[in-house]
Amino acid sequence: MLDMQRIRENPDAITQATINKKSPVAIDELLELDSRRKNIIQEVEQLKNVRNERSQDVARLKKEKKDATELIDSMKQVSEKIKDLDIEQKKIEDEMYAIQIRIPNVPHSTTPHGNCEKDNVVVAQWGEKPVFNFKLKDHIELGTSLGIIDFPRGAKISGAGFPVLKGMGALLERALLNFFLDIHTVKNGYTEVFPPFLVNEASLFGTGQLPKSREQMYYIGDDDLFCIPTAEVPVTNLHRDEVLEMKDLPVKYCAYSACFRREAGSYGKDTKGYLRVHQFNKVELVKIVEPSTSYLEHESLRNDAESILKALGLHYRVLSLCDADLSFAAAKCYDLEAWAPGEGKFLEVSSCSNFEDFQARRMNLKYRPGAGEKPRFAHTLNGSGLATARIIVAILETYQTEQGTVRVPEVLQKYMNEIVEIKPT
């Protein structure tokens, strides 16, 4: 959520930012309501002064044993007017809040401007595209021939978008998650958290998924809970309504979770195989930091996510997302995309975002700069470190052999009982 004072001081810039993010909001209407609210507050203060003066006059008349009935009646009228204005003020504030919570975060000055995802800017690449001297298979062919991914049975028991991993496929999934967590906790200095996979509405509001993205959520009505779309939600909300001490910053958490997304509105996007599923596993990185360091922390977060791709030996690129492709809550975001040879394209495997104080304001998350100082809103960041589904696609297609097997990346072999090659079962 944006600070109302920032909106008052920069209405044109905020309006343009909402347009650039493809989420236009009636800022002029908000400011009109804000002006009415200010006028009501001033009128109420004037009426309270009148009421106080008349109260003193009533006390004086009673002390002089004179009739104060007329003054008392007028005081009652003033009190009724104040009551009516308080009700009107509350109504206006509710209308303002309804508008405010739909204003997206303002893109950072270094975020590229664009109209769609085609305007995202490649800022880095690592490695080279692998070269093959045989006909490539995609992950669907490989997963089926190796007996490690079962799409038909997943669809039978749950529906499309819920594939089943079996045998070496399940072991590869588990190996990846353990490898991710070990790197981030031991090497990169994150504290591991194992969060709930169901959260309340306040948590999703805090991180910005609600109210905007309600149609993307799996909702459990009887319990008024939502399946999480990412561990970002429960982990960032661990410190909702808290004041952290400066000495405890930065807070660095990593967490495994299953992630659930309805993918409503994904018609026309590439949904084949393992590319766009409704349930997948991910290790999430979350940081809570002091504002002056947040963009240095953002670069560090990106490097931590990249370190996984480098260790796996996967060719990848880094995109700086343009404003039109940014999420509702992000001020700046890098997407990491791994090359999938069988698909012949890059696949997004991580988004590393800086939200500045946008989420912190929504969840009332503050830090105290020093002893006796007034608490301020912290900055929050998160990034995938990484999601497994598309990483499995990239590994299968990158490490496939002419014999139809898949070599296991060296860093994963110790997590897979020293197996060096996945063969047909």
# chains A, B, ... in the order shown; residues from 1 in each chain; ligands from 1
>>> select_by_dssp(residues="stretch 101-245 of chain A", states="strand (DSSP E)", output="list in words")
Val121, Val122, Val123, Ala124, Gln125, Trp126, Ile149, Asp150, Val164, Leu165, Thr191, Glu192, Val193, Leu198, Val199, Tyr219, Ile220, Leu225, Phe226, Cys227, Val243, Leu244 and Glu245 of chain A
>>> write_last_selection(atoms="C-alpha atoms", output="compact mmCIF listing (two decimals), in the first residue's frame")
# COMPACT_ATOMS: atom_id res chain seq x y z
CA VAL A 121 15.36 -6.29 -20.89
CA VAL A 122 18.04 -9.00 -20.84
CA VAL A 123 20.66 -7.79 -18.33
CA ALA A 124 22.83 -10.91 -18.01
CA GLN A 125 23.46 -14.39 -19.40
CA TRP A 126 25.49 -17.31 -18.11
CA ILE A 149 6.48 -38.47 -15.01
CA ASP A 150 2.92 -39.72 -15.36
CA VAL A 164 2.67 -37.46 -10.87
CA LEU A 165 6.42 -38.00 -10.40
CA THR A 191 17.30 -19.47 8.21
CA GLU A 192 15.05 -22.32 7.16
CA VAL A 193 11.33 -22.12 7.93
CA LEU A 198 -2.92 -22.73 4.22
CA VAL A 199 -3.27 -19.06 5.17
CA TYR A 219 -10.15 -21.31 -1.50
CA ILE A 220 -11.42 -23.58 1.28
CA LEU A 225 -8.49 -20.39 4.29
CA PHE A 226 -6.53 -20.24 1.05
CA CYS A 227 -3.93 -22.64 -0.37
CA VAL A 243 8.44 -4.07 15.29
CA LEU A 244 11.86 -5.57 14.62
CA GLU A 245 15.06 -4.22 16.12
>>> residues_around(residues="A:Gln209", least_positions_apart="3", cutoff="12 Å", atoms="only C-alpha atoms", output="number ranges by chain")
A: 1, 101-102, 104, 199-206, 212-217, 226, 228-230, 232-233, 261, 327-330, 359, 362
>>> residues_around(residues="A:Gly313", least_positions_apart="6", cutoff="12 Å", atoms="only C-alpha atoms", output="PyMOL selection string")
chain A and resi 126-130+306-307+338-339+391+394-395+398-399+407-412
>>> closest_residue(among="A:Asp323, A:Glu95, A:Glu421, A:Glu373", to="A:Gln400", atoms="only C-alpha atoms")
A:Glu421
>>> atom_distance(atom1="atom CA of A:Pro163", atom2="atom CA of A:Asn417")
24.0 Å
>>> atom_distance(atom1="atom CA of A:Asn120", atom2="atom CA of A:Val277")
23.6 Å
>>> closest_residue(among="A:Val289, A:Ala160, A:Ala255, A:Ile148", to="A:Ile392", atoms="only C-alpha atoms")
A:Ile148
>>> closest_residue(among="A:Leu146, A:Ala231, A:Val286, A:Glu242", to="A:Phe260", atoms="only C-alpha atoms")
A:Ala231
>>> residues_around(residues="A:His298", least_positions_apart="3", cutoff="7 Å", atoms="only C-alpha atoms", output="PDB file with N, CA and C atoms, in the first residue's frame")
ATOM      1  N   SER A 294      18.044  -1.877   0.710  1.00  0.00           N
ATOM      2  CA  SER A 294      17.173  -2.863   0.060  1.00  0.00           C
ATOM      3  C   SER A 294      17.591  -3.196  -1.361  1.00  0.00           C
ATOM      4  N   TYR A 295      18.142  -2.233  -2.098  1.00  0.00           N
ATOM      5  CA  TYR A 295      18.512  -2.559  -3.480  1.00  0.00           C
ATOM      6  C   TYR A 295      19.845  -3.303  -3.564  1.00  0.00           C
ATOM      7  N   LEU A 301      20.115 -11.073  -3.391  1.00  0.00           N
ATOM      8  CA  LEU A 301      19.070 -12.094  -3.530  1.00  0.00           C
ATOM      9  C   LEU A 301      19.119 -12.724  -4.919  1.00  0.00           C
ATOM     10  N   ARG A 302      19.247 -11.898  -5.919  1.00  0.00           N
ATOM     11  CA  ARG A 302      19.355 -12.398  -7.296  1.00  0.00           C
ATOM     12  C   ARG A 302      20.572 -13.316  -7.435  1.00  0.00           C
ATOM     13  N   ASN A 354      11.788  -6.721  -5.341  1.00  0.00           N
ATOM     14  CA  ASN A 354      11.875  -5.778  -4.232  1.00  0.00           C
ATOM     15  C   ASN A 354      10.543  -5.049  -4.149  1.00  0.00           C
ATOM     16  N   LEU A 381      11.603  -8.238   0.479  1.00  0.00           N
ATOM     17  CA  LEU A 381      12.028  -8.781  -0.805  1.00  0.00           C
ATOM     18  C   LEU A 381      11.775 -10.275  -0.799  1.00  0.00           C
TER      19      LEU A 381
END
>>> residues_around(residues="A:Ala258", least_positions_apart="5", cutoff="7 Å", atoms="only C-alpha atoms", output="JSON list (two decimals) with C-alpha atoms, in the first residue's frame")
[["chain", "number", "residue", "atom", "x", "y", "z"],
["A", 279, "GLN", "CA", 0.63, -27.64, -7.97],
["A", 280, "PHE", "CA", 4.41, -27.45, -7.83],
["A", 281, "ASN", "CA", 7.22, -27.31, -5.29],
["A", 282, "LYS", "CA", 9.44, -24.35, -4.61]]
>>> closest_residue(among="A:Val420, A:Ser300, A:Arg390, A:Thr236", to="A:Asn364", atoms="only C-alpha atoms")
A:Thr236
>>> atom_distance(atom1="atom CA of A:Lys91", atom2="atom CA of A:Arg36")
11.1 Å
